[in-house]
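Source file: coords15.cif. Holds: mmCIF, C-alpha atoms and all ligand atoms.
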data_coords
loop_
_atom_site.label_atom_id
_atom_site.label_comp_id
_atom_site.auth_asym_id
_atom_site.auth_seq_id
_atom_site.Cartn_x
_atom_site.Cartn_y
_atom_site.Cartn_z
CA MET H 18 -23.79 16.18 -20.82
CA GLY H 19 -22.02 13.06 -19.47
CA ARG H 20 -24.16 13.15 -16.34
CA VAL H 21 -26.97 11.60 -18.31
CA CYS H 22 -24.91 8.38 -18.62
CA SER H 23 -24.83 7.69 -14.89
CA GLU H 24 -28.54 8.52 -14.75
CA VAL H 25 -29.25 5.98 -17.52
CA GLN H 26 -27.20 3.39 -15.64
CA GLU H 27 -29.14 4.04 -12.42
CA TRP H 28 -32.37 3.67 -14.37
CA VAL H 29 -31.24 0.32 -15.85
CA GLU H 30 -30.25 -0.91 -12.37
CA GLU H 31 -33.58 0.08 -10.84
CA GLN H 32 -35.98 -0.73 -13.66
CA ILE H 33 -34.33 -3.79 -15.25
CA GLU H 34 -31.67 -5.32 -13.03
CA GLN H 35 -33.70 -5.35 -9.82
CA PRO H 36 -36.89 -6.83 -11.35
CA VAL H 37 -34.78 -9.52 -13.11
CA GLU H 38 -33.10 -10.36 -9.78
CA GLU H 39 -36.51 -10.64 -8.11
CA PHE H 40 -37.80 -12.88 -10.89
CA VAL H 41 -34.79 -15.21 -10.62
CA GLY H 42 -35.21 -15.23 -6.82
CA GLN H 43 -38.86 -16.29 -7.15
CA TRP H 44 -37.85 -19.04 -9.57
CA GLN H 45 -35.34 -20.30 -6.99
CA GLU H 46 -38.10 -20.50 -4.36
CA VAL H 47 -40.30 -22.50 -6.75
CA CYS H 48 -37.48 -25.01 -7.31
CA GLU H 49 -36.80 -25.31 -3.59
CA GLU H 50 -40.42 -25.86 -2.64
CA GLN H 51 -41.26 -28.30 -5.43
CA ASP H 52 -42.08 -31.87 -4.39
CA CYS H 53 -39.95 -34.63 -5.91
CA ASN H 54 -41.44 -36.87 -8.56
CA TRP H 55 -39.85 -40.09 -7.25
CA TRP H 56 -40.92 -42.14 -10.26
CA CYS H 57 -38.29 -40.28 -12.36
CA LEU H 58 -35.67 -39.86 -9.62
CA CYS H 59 -36.71 -36.28 -8.86
CA CYS H 60 -36.28 -35.25 -12.52
CA ASN H 61 -38.72 -32.31 -12.20
CA LYS H 62 -36.51 -30.70 -9.55
CA TRP H 63 -33.36 -31.31 -11.59
CA PHE H 64 -34.93 -29.67 -14.64
CA CYS H 65 -36.14 -26.77 -12.57
CA TRP H 66 -32.66 -26.13 -11.17
CA LEU H 67 -31.01 -26.58 -14.55
CA ALA H 68 -33.33 -24.03 -16.14
CA TRP H 69 -32.79 -21.71 -13.17
CA VAL H 70 -28.97 -21.84 -13.64
CA VAL H 71 -29.30 -21.14 -17.39
CA VAL H 72 -31.67 -18.20 -16.83
CA ARG H 73 -29.51 -16.79 -14.07
CA VAL H 74 -26.29 -16.94 -16.14
CA VAL H 75 -27.90 -15.58 -19.32
CA THR H 76 -29.69 -12.67 -17.63
CA TRP H 77 -26.60 -11.77 -15.61
CA VAL H 78 -24.41 -11.68 -18.73
CA LEU H 79 -26.98 -9.73 -20.77
CA VAL H 80 -27.74 -7.16 -18.08
CA THR H 81 -24.12 -6.65 -16.97
CA VAL H 82 -22.61 -6.50 -20.45
CA GLY H 83 -25.51 -4.40 -21.78
CA LYS H 84 -25.24 -1.99 -18.89
CA TRP H 85 -21.48 -1.43 -19.21
CA VAL H 86 -21.41 -1.29 -23.01
CA THR H 87 -24.16 1.35 -22.88
CA ARG H 88 -22.27 3.27 -20.20
CA VAL H 89 -18.94 3.24 -22.07
CA VAL H 90 -20.49 4.21 -25.43
CA CYS H 91 -22.54 6.92 -23.70
CA GLU H 92 -19.49 8.34 -21.89
CA VAL H 93 -17.30 8.37 -25.03
CA VAL H 94 -19.99 10.05 -27.16
CA ASN H 95 -20.65 12.61 -24.45
CA VAL H 96 -16.99 13.47 -23.90
CA ILE H 97 -16.64 14.10 -27.65
CA LEU H 98 -19.78 16.29 -27.63
CA ASP H 99 -18.54 18.19 -24.57
CA ILE H 100 -15.14 18.83 -26.19
CA ILE H 101 -16.91 20.25 -29.27
CA GLY H 102 -19.15 22.32 -26.97
CA PHE H 103 -16.14 23.54 -24.99
CA ILE H 104 -14.31 24.71 -28.13
CA PHE H 105 -17.48 26.54 -29.18
CA THR H 106 -17.67 28.12 -25.70
CA LEU H 107 -14.13 29.48 -26.15
CA ILE H 108 -15.37 31.29 -29.27
CA LEU H 109 -18.35 32.59 -27.28
CA SER H 110 -15.91 33.94 -24.67
CA ILE H 111 -14.41 36.40 -27.16
CA PRO H 112 -15.51 39.93 -26.18
CA ILE H 113 -18.12 41.70 -28.35
CA ILE H 114 -18.51 39.24 -31.24
CA GLY H 115 -18.67 36.20 -28.91
CA GLY H 116 -20.97 38.12 -26.58
CA ILE H 117 -23.41 39.04 -29.33
CA ILE H 118 -23.47 35.47 -30.72
CA ARG H 119 -24.02 34.19 -27.16
CA THR H 120 -27.01 36.47 -26.58
CA ILE H 121 -28.63 35.53 -29.90
CA LEU H 122 -27.89 31.81 -29.44
CA ASN H 123 -29.34 31.72 -25.92
CA TRP H 124 -32.58 33.44 -26.95
CA VAL H 125 -32.99 31.43 -30.16
CA THR H 126 -32.51 28.09 -28.37
CA GLU H 127 -34.92 29.22 -25.65
CA ILE H 128 -37.63 30.05 -28.20
CA ILE H 129 -37.08 26.83 -30.17
CA TRP H 130 -37.31 24.60 -27.08
CA ARG H 131 -40.35 26.51 -25.82
CA LEU H 132 -42.09 25.86 -29.15
CA VAL H 133 -41.15 22.19 -28.91
CA GLY H 134 -42.43 22.04 -25.32
CA LEU H 135 -45.72 23.83 -25.97
CA ILE H 136 -47.90 20.78 -25.26
CA ASP H 137 -46.01 20.10 -22.04
CA PHE H 138 -46.66 23.73 -21.03
CA LEU H 139 -50.40 23.41 -21.70
CA ALA H 140 -50.49 20.11 -19.80
CA SER H 141 -48.77 21.79 -16.87
CA LEU H 142 -51.37 24.58 -16.89
CA VAL H 143 -54.12 22.01 -16.35
CA GLY H 144 -52.12 20.32 -13.61
CA ILE H 145 -50.37 17.46 -15.44
CA ARG H 146 -46.84 17.77 -14.11
CA PRO H 147 -44.66 14.66 -14.29
CA ARG H 148 -41.30 15.05 -12.61
CA LYS H 149 -38.75 17.10 -14.54
CA LYS H 150 -35.17 17.99 -13.73
CA MET H 151 -33.00 21.08 -13.85
CA TYR H 152 -29.23 21.24 -13.32
CA PHE H 153 -27.69 24.05 -11.35
CA GLY H 154 -24.26 24.73 -9.90
CA VAL H 155 -22.51 27.53 -8.06
CA VAL H 156 -19.29 29.35 -8.93
CA VAL H 157 -17.57 31.17 -6.09
CA PRO H 158 -14.65 33.32 -7.28
CA SER H 159 -11.57 33.65 -5.12
CA ILE H 160 -10.21 37.16 -4.98
CA GLY H 161 -6.73 37.58 -3.50
CA GLY H 162 -6.73 33.83 -2.75
CA THR H 163 -9.88 33.90 -0.58
CA PRO H 164 -13.34 32.72 -1.71
CA ILE H 165 -15.73 35.68 -1.53
CA ALA H 166 -18.42 33.58 0.18
CA PRO H 167 -18.13 30.59 2.56
CA ASP H 168 -19.53 27.26 1.31
CA SER H 169 -21.90 27.05 4.29
CA GLU H 170 -23.60 30.30 3.18
CA VAL H 171 -23.87 29.04 -0.39
CA MET H 172 -25.37 25.73 0.75
CA ARG H 173 -28.22 27.52 2.51
CA GLN H 174 -29.22 28.99 -0.87
CA VAL H 175 -28.73 25.63 -2.59
CA ASN H 176 -30.86 23.69 -0.10
CA ALA H 177 -33.63 26.30 -0.16
CA THR H 178 -33.67 26.17 -3.99
CA ILE H 179 -33.80 22.36 -4.11
CA SER H 180 -36.65 22.04 -1.61
CA PHE H 181 -38.62 24.95 -3.08
CA TYR H 182 -38.72 23.70 -6.69
CA ASP H 183 -39.22 20.13 -5.53
CA THR H 184 -42.37 20.84 -3.55
CA THR H 185 -43.76 23.68 -5.70
CA CYS H 186 -43.04 22.60 -9.28
CA ASN H 187 -42.20 18.86 -9.02
CA ILE H 188 -38.73 19.64 -10.40
CA ASN H 189 -35.69 17.67 -9.30
CA MET H 190 -33.02 20.37 -8.93
CA ILE H 191 -29.76 18.50 -9.52
CA PHE H 192 -26.98 20.38 -7.77
CA THR H 193 -23.62 19.93 -9.53
CA GLY H 194 -21.47 21.41 -6.77
CA ILE H 195 -19.62 24.55 -5.79
CA CYS H 196 -16.68 25.48 -8.00
CA HIS H 197 -14.01 27.86 -6.72
CA THR H 198 -12.43 29.74 -9.57
CA ASP H 199 -9.10 31.53 -9.26
CA ILE H 200 -9.47 33.38 -12.54
CA GLU H 201 -8.95 37.06 -11.81
CA PRO H 202 -12.12 39.05 -12.67
CA PRO H 203 -11.62 42.04 -14.98
CA GLY H 204 -10.61 45.03 -12.90
CA GLY H 205 -9.95 42.79 -9.88
CA SER H 206 -13.47 43.01 -8.45
CA LEU H 207 -16.92 41.68 -9.23
CA ASN H 208 -19.49 44.44 -9.41
CA VAL H 209 -22.45 43.77 -11.66
CA ALA H 210 -24.98 46.34 -12.82
CA CYS H 211 -28.50 44.92 -13.05
CA ASP H 212 -29.78 47.23 -15.79
CA ALA H 213 -29.16 48.09 -19.44
CA GLU H 214 -25.54 48.90 -18.62
CA GLY H 215 -25.12 45.40 -17.18
CA PHE H 216 -26.76 43.85 -20.23
CA PHE H 217 -24.34 45.52 -22.63
CA ASN H 218 -21.38 44.98 -20.29
CA ASP H 219 -21.99 41.29 -20.77
CA TRP H 220 -20.79 41.65 -24.35
CA LEU H 221 -17.44 43.00 -23.11
CA VAL H 222 -14.73 41.41 -20.95
CA ALA H 223 -17.10 41.02 -17.97
CA GLY H 224 -19.27 38.63 -19.98
CA SER H 225 -16.18 36.83 -21.28
CA TYR H 226 -15.09 36.31 -17.68
CA PHE H 227 -18.44 34.74 -16.69
CA GLU H 228 -18.61 32.58 -19.81
CA PHE H 229 -15.01 31.38 -19.62
CA SER H 230 -14.93 30.63 -15.88
CA SER H 231 -18.23 28.76 -15.97
CA ALA H 232 -17.03 26.76 -19.01
CA LEU H 233 -13.87 25.74 -17.11
CA CYS H 234 -15.84 24.97 -13.94
CA LYS H 235 -18.62 23.00 -15.62
CA PHE H 236 -17.00 21.14 -18.52
CA ARG H 237 -19.64 18.38 -18.42
CA ASP H 238 -22.26 20.99 -19.27
CA SER H 239 -20.42 22.17 -22.43
CA PHE H 240 -22.62 20.53 -25.04
CA ARG H 241 -25.91 21.29 -23.32
CA ARG H 242 -24.77 24.90 -22.92
CA ILE H 243 -24.60 25.21 -26.71
CA ILE H 244 -27.84 23.43 -27.61
CA GLY H 245 -29.64 25.02 -24.66
CA LEU H 246 -31.78 21.99 -23.80
CA GLY H 247 -31.18 21.09 -20.16
CA ALA H 248 -28.33 23.60 -19.96
CA GLU H 249 -27.08 24.02 -16.44
CA LEU H 250 -27.92 27.25 -14.64
CA ILE H 251 -24.80 28.69 -13.07
CA VAL H 252 -25.21 30.76 -9.93
CA PHE H 253 -22.31 33.19 -9.84
CA VAL H 254 -21.51 34.74 -6.49
CA VAL H 255 -20.35 38.35 -6.90
CA GLN H 256 -19.28 41.11 -4.52
CA GLU H 257 -21.71 43.88 -5.40
CA ILE H 258 -24.83 44.32 -7.50
CA THR H 259 -26.17 47.76 -8.40
CA PRO H 260 -28.67 49.26 -7.78
CA THR H 261 -27.75 48.61 -4.14
CA THR H 262 -31.30 47.55 -3.21
CA THR H 263 -30.91 44.36 -5.28
CA ASN H 264 -28.96 41.35 -4.12
CA GLY H 265 -29.39 39.16 -7.19
CA CYS H 266 -29.73 39.62 -10.94
CA SER H 267 -30.81 37.70 -14.03
CA PHE H 268 -31.29 38.77 -17.64
CA GLY H 269 -33.78 36.03 -18.49
CA SER H 270 -32.61 33.82 -21.31
CA THR H 271 -29.69 36.10 -22.21
CA HIS H 272 -27.22 33.91 -20.34
CA ASN H 273 -27.05 30.59 -18.56
CA TYR H 274 -25.95 32.27 -15.36
CA VAL H 275 -27.53 34.41 -12.67
CA VAL H 276 -25.61 36.43 -10.11
CA ILE H 277 -26.18 36.72 -6.38
CA GLU H 278 -24.40 38.91 -3.86
CA ALA H 279 -22.04 37.27 -1.40
CA ARG H 280 -23.81 39.12 1.44
CA ARG H 281 -27.54 38.51 1.49
CA GLY H 282 -28.26 38.38 5.22
CA ASP H 283 -30.85 35.71 5.98
CA GLN H 284 -32.52 35.72 2.56
CA ASP H 285 -32.20 32.07 1.55
CA PHE H 286 -34.43 32.27 -1.53
CA VAL H 287 -32.45 34.79 -3.63
CA THR H 288 -31.09 31.99 -5.84
CA ALA H 289 -34.56 30.46 -6.32
CA HIS H 290 -35.88 33.96 -7.21
CA GLU H 291 -33.13 34.57 -9.80
CA ILE H 292 -33.63 31.12 -11.32
CA GLY H 293 -37.30 32.11 -11.64
CA HIS H 294 -36.25 35.17 -13.70
CA SER H 295 -34.01 33.05 -15.91
CA CYS H 296 -37.07 30.87 -16.63
CA TRP H 297 -39.09 33.94 -17.75
CA LEU H 298 -40.81 34.89 -14.51
CA PRO H 299 -41.23 38.66 -14.11
CA HIS H 300 -41.73 40.33 -10.73
CA ASP H 301 -45.02 39.74 -8.94
CA GLY H 302 -46.17 42.11 -6.21
CA THR H 303 -48.23 39.51 -4.31
CA PRO H 304 -46.96 39.22 -0.73
CA GLY H 305 -45.22 35.86 -0.20
CA ASN H 306 -44.74 35.21 -3.91
CA LEU H 307 -41.21 34.03 -4.77
CA MET H 308 -41.07 36.67 -7.51
CA ASN H 309 -41.91 39.56 -5.20
CA ALA H 310 -39.09 42.12 -5.70
CA ALA H 311 -38.46 41.86 -1.96
CA THR H 312 -37.82 38.10 -1.96
CA PRO H 313 -39.79 36.44 0.88
CA ALA H 314 -37.58 35.11 3.68
CA THR H 315 -39.71 32.03 4.35
CA ALA H 316 -42.08 29.67 2.49
CA PRO H 317 -42.50 31.50 -0.83
CA THR H 318 -45.23 30.53 -3.30
CA LEU H 319 -45.80 30.51 -7.08
CA THR H 320 -49.02 30.72 -9.06
CA ASN H 321 -50.18 28.02 -11.47
CA VAL H 322 -49.02 30.07 -14.49
CA GLN H 323 -45.64 30.79 -12.90
CA ILE H 324 -45.07 27.09 -12.17
CA SER H 325 -45.91 26.23 -15.78
CA LEU H 326 -43.58 28.94 -17.13
CA VAL H 327 -40.66 27.56 -15.10
CA ARG H 328 -41.37 23.97 -16.19
CA TRP H 329 -41.55 25.18 -19.80
CA SER H 330 -38.00 26.64 -19.70
CA LYS H 331 -35.27 25.05 -21.85
CA HIS H 332 -33.35 24.40 -18.61
CA CYS H 333 -36.13 22.15 -17.29
CA VAL H 334 -36.13 18.74 -18.99
CA TYR H 335 -37.25 15.12 -18.70
CA ILE H 336 -34.01 13.51 -19.94
ZN ZN V 1 -36.02 39.99 -9.14
#
Go ahead and express the file in the form of structure tokens.
Amino acid sequence: MGRVCSEVQEWVEEQIEQPVEEFVGQWQEVCEEQDCNWWCLCCNKWFCWLAWVVVRVVTWVLVTVGKWVTRVVCEVVNVILDIIGFIFTLILSIPIIGGIIRTILNWVTEIIWRLVGLIDFLASLVGIRPRKKMYFGVVVPSIGGTPIAPDSEVMRQVNATISFYDTTCNINMIFTGICHTDIEPPGGSLNVACDAEGFFNDWLVAGSYFEFSSALCKFRDSFRRIIGLGAELIVFVVQEITPTTTNGCSFGSTHNYVVIEARRGDQDFVTAHEIGHSCWLPHDGTPGNLMNAATPATAPTLTNVQISLVRWSKHCVYI
């Protein structure tokens, strides 16, 4: 959640600090270029400079102090919220009971935020799509001390996802980094079933593993993970997904993570495809569509309705 603080600070610097600097700069030019009124010993110029100094000092103090007070208060509040969220996540990591609460919570928050965002969804359908943002990060488990996928491979997926949602949906995909986790997966390997078995497995230790390792990796997402709004999507790299024809899996709003196989050949859009599922996109048989079950290798597309569904997701926010 704390990420929003640095974003607010950047906004203040761009939208307030810079225009104020420009205004003070223009004032300076006016003072420099003014002709002296010799009858009062150049008093007009003196007044101009005096006022300029006062304005410069006052605006600097206001903007600088305001900016840092806001930042500090924002950071403190967010750390407290993230600690509360993290403790709650530990409860959600308990097998069975935590798993069931997690599933219900994730679907309920999704439905609530979709109801809240209904007007935005309708606006998107008619083409009104101001820029939104969506956080996503990657977790690469290490098994036997070695990461199961190299960072360079992961970054191909990341870059394809960022550019795809940027150009297609006007969404700023904010990548929060690759996290290597050393937590030993249950049974020592990461095989995920992408069917009913996988869904119910998520309530057992397998789901606890995903929940707990993503909570440790992405502490700054703790509070958003609980309230759902703007919750980060975690892309978990796993060794094997069954059935063997699939190389990624998502259970829609059931969790905040999707899984992709470490070995995907040259299919760079698997992550973008799975993120589509987690935002309620079903498969689409149209050739070239991102949601085609055989994910397109190059330049995928989305329909107007699909774009609007993604933008309507609880993960996709303005603030
Ligand atoms: Zn799919």
Item to complete: Counting all atoms listed in the file, figure out which residue out of H:Gly305, H:Ala279, H:Gly144, H:Ile244 gets nearest to Asn123 in chain H.
Response: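 Nearest candidate to Asn123 in chain H out of H:Gly305, H:Ala279, H:Gly144, H:Ile244: H:Ile244.
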Compile the contact shell of Glu38 in chain H as a PyMOL selection string: residues with an atom at most 12 Å away, counting all atoms listed in the file, same-chain residues fewer than 2 positions apart removed. chain H and resi 30-36+40-45+69+72-74+76-77+80
Exercise for review: To one decimal in Å, tell me the separation between CA of Phe153 in chain H and CA of Trp329 in chain H.
Suggested key: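 Separation between CA of Phe153 in chain H and CA of Trp329 in chain H: 16.3 Å.
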What are the closest atom pairs, with distances in Å to one decimal, for each residue of chain H lying within 10 Å of ligand ZN 1 (chain V), using all atoms listed in the file, rows by chain and rising residue number, as JSON lines?
{"residue": "H:Cys211", "atom": "CA", "partner": "V:ZN1", "partner_atom": "ZN", "distance": 9.8}
{"residue": "H:Thr263", "atom": "CA", "partner": "V:ZN1", "partner_atom": "ZN", "distance": 7.8}
{"residue": "H:Asn264", "atom": "CA", "partner": "V:ZN1", "partner_atom": "ZN", "distance": 8.8}
{"residue": "H:Gly265", "atom": "CA", "partner": "V:ZN1", "partner_atom": "ZN", "distance": 7.0}
{"residue": "H:Cys266", "atom": "CA", "partner": "V:ZN1", "partner_atom": "ZN", "distance": 6.6}
{"residue": "H:Ser267", "atom": "CA", "partner": "V:ZN1", "partner_atom": "ZN", "distance": 7.5}
{"residue": "H:Phe268", "atom": "CA", "partner": "V:ZN1", "partner_atom": "ZN", "distance": 9.8}
{"residue": "H:Val287", "atom": "CA", "partner": "V:ZN1", "partner_atom": "ZN", "distance": 8.4}
{"residue": "H:Thr288", "atom": "CA", "partner": "V:ZN1", "partner_atom": "ZN", "distance": 10.0}
{"residue": "H:His290", "atom": "CA", "partner": "V:ZN1", "partner_atom": "ZN", "distance": 6.3}
{"residue": "H:Glu291", "atom": "CA", "partner": "V:ZN1", "partner_atom": "ZN", "distance": 6.2}
{"residue": "H:Ile292", "atom": "CA", "partner": "V:ZN1", "partner_atom": "ZN", "distance": 9.4}
{"residue": "H:Gly293", "atom": "CA", "partner": "V:ZN1", "partner_atom": "ZN", "distance": 8.4}
{"residue": "H:His294", "atom": "CA", "partner": "V:ZN1", "partner_atom": "ZN", "distance": 6.6}
{"residue": "H:Ser295", "atom": "CA", "partner": "V:ZN1", "partner_atom": "ZN", "distance": 9.9}
{"residue": "H:Leu298", "atom": "CA", "partner": "V:ZN1", "partner_atom": "ZN", "distance": 8.8}
{"residue": "H:Pro299", "atom": "CA", "partner": "V:ZN1", "partner_atom": "ZN", "distance": 7.3}
{"residue": "H:His300", "atom": "CA", "partner": "V:ZN1", "partner_atom": "ZN", "distance": 5.9}
{"residue": "H:Asp301", "atom": "CA", "partner": "V:ZN1", "partner_atom": "ZN", "distance": 9.0}
{"residue": "H:Leu307", "atom": "CA", "partner": "V:ZN1", "partner_atom": "ZN", "distance": 9.0}
{"residue": "H:Met308", "atom": "CA", "partner": "V:ZN1", "partner_atom": "ZN", "distance": 6.3}
{"residue": "H:Asn309", "atom": "CA", "partner": "V:ZN1", "partner_atom": "ZN", "distance": 7.1}
{"residue": "H:Ala310", "atom": "CA", "partner": "V:ZN1", "partner_atom": "ZN", "distance": 5.1}
{"residue": "H:Ala311", "atom": "CA", "partner": "V:ZN1", "partner_atom": "ZN", "distance": 7.8}
{"residue": "H:Thr312", "atom": "CA", "partner": "V:ZN1", "partner_atom": "ZN", "distance": 7.6}
message: List as number ranges by chain the protein and nucleic acid residues near Asn189 in chain H, meaning an atom at most 7 Å away when all atoms listed in the file are counted, but skip any in the same chain fewer than 4 places from it.
response: H: 149-151, 183
Output of the above residues as a short mmCIF file (atom, residue, chain, number, x, y, z; two decimals), keeping the file's coordinate frame, restricted to C-alpha atoms:
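Written file, out_19.cif:
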data_model
loop_
_atom_site.label_atom_id
_atom_site.label_comp_id
_atom_site.auth_asym_id
_atom_site.auth_seq_id
_atom_site.Cartn_x
_atom_site.Cartn_y
_atom_site.Cartn_z
CA LYS H 149 -38.75 17.10 -14.54
CA LYS H 150 -35.17 17.99 -13.73
CA MET H 151 -33.00 21.08 -13.85
CA ASP H 183 -39.22 20.13 -5.53
#
What gap, in Å, lies between CA of Cys234 in chain H and CA of Ala213 in chain H?
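So the two atoms, CA of Cys234 in chain H and CA of Ala213 in chain H, lie 27.2 Å apart.
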- Task: Neighbourhood query: residues within 10 Å of (-31.3, -24.9, -5.6), file coordinates, counting all atoms listed in the file; return as a list in words.
- Result: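 It turns out the residues near that spot are Trp44, Gln45, Glu46, Val47, Cys48, Glu49, Glu50, Lys62, Trp63, Cys65, Trp66, Leu67, Trp69 and Val70 of chain H.
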Those residues with C-alpha atoms, as a short mmCIF file (atom, residue, chain, number, x, y, z; two decimals), in the coordinates of the input please?
data_model
loop_
_atom_site.label_atom_id
_atom_site.label_comp_id
_atom_site.auth_asym_id
_atom_site.auth_seq_id
_atom_site.Cartn_x
_atom_site.Cartn_y
_atom_site.Cartn_z
CA TRP H 44 -37.85 -19.04 -9.57
CA GLN H 45 -35.34 -20.30 -6.99
CA GLU H 46 -38.10 -20.50 -4.36
CA VAL H 47 -40.30 -22.50 -6.75
CA CYS H 48 -37.48 -25.01 -7.31
CA GLU H 49 -36.80 -25.31 -3.59
CA GLU H 50 -40.42 -25.86 -2.64
CA LYS H 62 -36.51 -30.70 -9.55
CA TRP H 63 -33.36 -31.31 -11.59
CA CYS H 65 -36.14 -26.77 -12.57
CA TRP H 66 -32.66 -26.13 -11.17
CA LEU H 67 -31.01 -26.58 -14.55
CA TRP H 69 -32.79 -21.71 -13.17
CA VAL H 70 -28.97 -21.84 -13.64
#
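Taking only C-alpha atoms, the non-local environment of Lys235 in chain H within 9 Å (same-chain residues fewer than 4 positions away omitted) comprises H:Gly154, H:Thr193, H:Cys196, H:Ser230, H:Ser231, H:Ser239, H:Glu249, H:Ile251.
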Exercise. In Å, with one decimal, what is the gap from CA of Thr120 in chain H to CA of Lys331 in chain H?
Worked result: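 About the pair CA of Thr120 in chain H and CA of Lys331 in chain H: they are 14.9 Å apart.
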Using only C-alpha atoms, which residues sit within 7 Å of range 207-209 of chain H once same-chain residues fewer than 5 positions away are excluded, as a short mmCIF file (atom, residue, chain, number, x, y, z; two decimals) with C-alpha atoms, keeping the file's coordinate frame?
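Output file out.cif is given in full below:
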data_model
loop_
_atom_site.label_atom_id
_atom_site.label_comp_id
_atom_site.auth_asym_id
_atom_site.auth_seq_id
_atom_site.Cartn_x
_atom_site.Cartn_y
_atom_site.Cartn_z
CA PRO H 202 -12.12 39.05 -12.67
CA GLY H 215 -25.12 45.40 -17.18
CA VAL H 255 -20.35 38.35 -6.90
CA GLN H 256 -19.28 41.11 -4.52
CA GLU H 257 -21.71 43.88 -5.40
CA ILE H 258 -24.83 44.32 -7.50
CA THR H 259 -26.17 47.76 -8.40
#
Leaving out range 105-116 of chain H and any residue of its chain fewer than 5 positions from it, which residues lie within 12 Å of it when counting all atoms listed in the file, given as an mmCIF file with C-alpha atoms, keeping the file's coordinate frame?
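Saved file selection_39.cif follows:
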data_model
loop_
_atom_site.group_PDB
_atom_site.id
_atom_site.type_symbol
_atom_site.label_atom_id
_atom_site.label_comp_id
_atom_site.auth_asym_id
_atom_site.auth_seq_id
_atom_site.Cartn_x
_atom_site.Cartn_y
_atom_site.Cartn_z
ATOM 1 C CA LEU H 98 -19.780 16.290 -27.630
ATOM 2 C CA ASP H 99 -18.540 18.190 -24.570
ATOM 3 C CA ILE H 100 -15.140 18.830 -26.190
ATOM 4 C CA ILE H 121 -28.630 35.530 -29.900
ATOM 5 C CA LEU H 122 -27.890 31.810 -29.440
ATOM 6 C CA ASN H 123 -29.340 31.720 -25.920
ATOM 7 C CA PHE H 216 -26.760 43.850 -20.230
ATOM 8 C CA PHE H 217 -24.340 45.520 -22.630
ATOM 9 C CA ASN H 218 -21.380 44.980 -20.290
ATOM 10 C CA ASP H 219 -21.990 41.290 -20.770
ATOM 11 C CA TRP H 220 -20.790 41.650 -24.350
ATOM 12 C CA LEU H 221 -17.440 43.000 -23.110
ATOM 13 C CA VAL H 222 -14.730 41.410 -20.950
ATOM 14 C CA ALA H 223 -17.100 41.020 -17.970
ATOM 15 C CA GLY H 224 -19.270 38.630 -19.980
ATOM 16 C CA SER H 225 -16.180 36.830 -21.280
ATOM 17 C CA TYR H 226 -15.090 36.310 -17.680
ATOM 18 C CA PHE H 227 -18.440 34.740 -16.690
ATOM 19 C CA GLU H 228 -18.610 32.580 -19.810
ATOM 20 C CA PHE H 229 -15.010 31.380 -19.620
ATOM 21 C CA SER H 230 -14.930 30.630 -15.880
ATOM 22 C CA SER H 231 -18.230 28.760 -15.970
ATOM 23 C CA ALA H 232 -17.030 26.760 -19.010
ATOM 24 C CA LEU H 233 -13.870 25.740 -17.110
ATOM 25 C CA LYS H 235 -18.620 23.000 -15.620
ATOM 26 C CA PHE H 236 -17.000 21.140 -18.520
ATOM 27 C CA ASP H 238 -22.260 20.990 -19.270
ATOM 28 C CA SER H 239 -20.420 22.170 -22.430
ATOM 29 C CA PHE H 240 -22.620 20.530 -25.040
ATOM 30 C CA ARG H 241 -25.910 21.290 -23.320
ATOM 31 C CA ARG H 242 -24.770 24.900 -22.920
ATOM 32 C CA ILE H 243 -24.600 25.210 -26.710
ATOM 33 C CA ILE H 244 -27.840 23.430 -27.610
ATOM 34 C CA THR H 271 -29.690 36.100 -22.210
ATOM 35 C CA HIS H 272 -27.220 33.910 -20.340
#
Among H:Tyr182, H:Tyr274, H:Phe192, H:Phe253, Leu319 in chain H is approached most closely, using only C-alpha atoms, by H:Tyr182
Which of these, H:Val89, H:Gly269, H:Ile200, H:Glu127, has the shortest distance to Val157 in chain H once you count all atoms listed in the file?
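Of all the options, H:Ile200 lies closest to Val157 in chain H.
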**Message:** Around the point (-25.7, 25.9, -0.2) (coordinates from the file), which residues reach within 10 Å if we count all atoms listed in the file? Answer as a list in words.
**Reply:**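 Taken together, the residues in range are Gly154, Val155, Pro167, Asp168, Ser169, Glu170, Val171, Met172, Arg173, Gln174, Val175, Asn176, Ala177, Thr178, Ile179, Phe192, Gly194, Ile195, Asp285 and Thr288 of chain H.
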In terms of all atoms listed in the file, the residue from H:Asp283, H:Glu214, H:Asp199, H:Glu92 at minimal distance from Thr163 in chain H is H:Asp199
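Ranking H:Ala68, H:Ile191, H:Ile145, H:Val133 by their shortest atom-to-atom distance to Leu246 in chain H, with only C-alpha atoms included, puts H:Val133 first.
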Kindly reconstruct range 64-68 of chain H with N, CA and C atoms and present the result as a PDB file, in the frame of the given file.
ATOM      1  N   PHE H  64     -34.666 -30.547 -13.485  1.00  0.00           N
ATOM      2  CA  PHE H  64     -34.930 -29.670 -14.640  1.00  0.00           C
ATOM      3  C   PHE H  64     -35.142 -28.231 -14.185  1.00  0.00           C
ATOM      4  N   CYS H  65     -35.862 -28.108 -13.101  1.00  0.00           N
ATOM      5  CA  CYS H  65     -36.140 -26.770 -12.570  1.00  0.00           C
ATOM      6  C   CYS H  65     -34.838 -26.050 -12.243  1.00  0.00           C
ATOM      7  N   TRP H  66     -33.939 -26.754 -11.553  1.00  0.00           N
ATOM      8  CA  TRP H  66     -32.660 -26.130 -11.170  1.00  0.00           C
ATOM      9  C   TRP H  66     -31.791 -25.835 -12.379  1.00  0.00           C
ATOM     10  N   LEU H  67     -31.822 -26.759 -13.343  1.00  0.00           N
ATOM     11  CA  LEU H  67     -31.010 -26.580 -14.550  1.00  0.00           C
ATOM     12  C   LEU H  67     -31.462 -25.312 -15.299  1.00  0.00           C
ATOM     13  N   ALA H  68     -32.790 -25.206 -15.451  1.00  0.00           N
ATOM     14  CA  ALA H  68     -33.330 -24.030 -16.140  1.00  0.00           C
ATOM     15  C   ALA H  68     -33.003 -22.762 -15.360  1.00  0.00           C
TER      16      ALA H  68
END
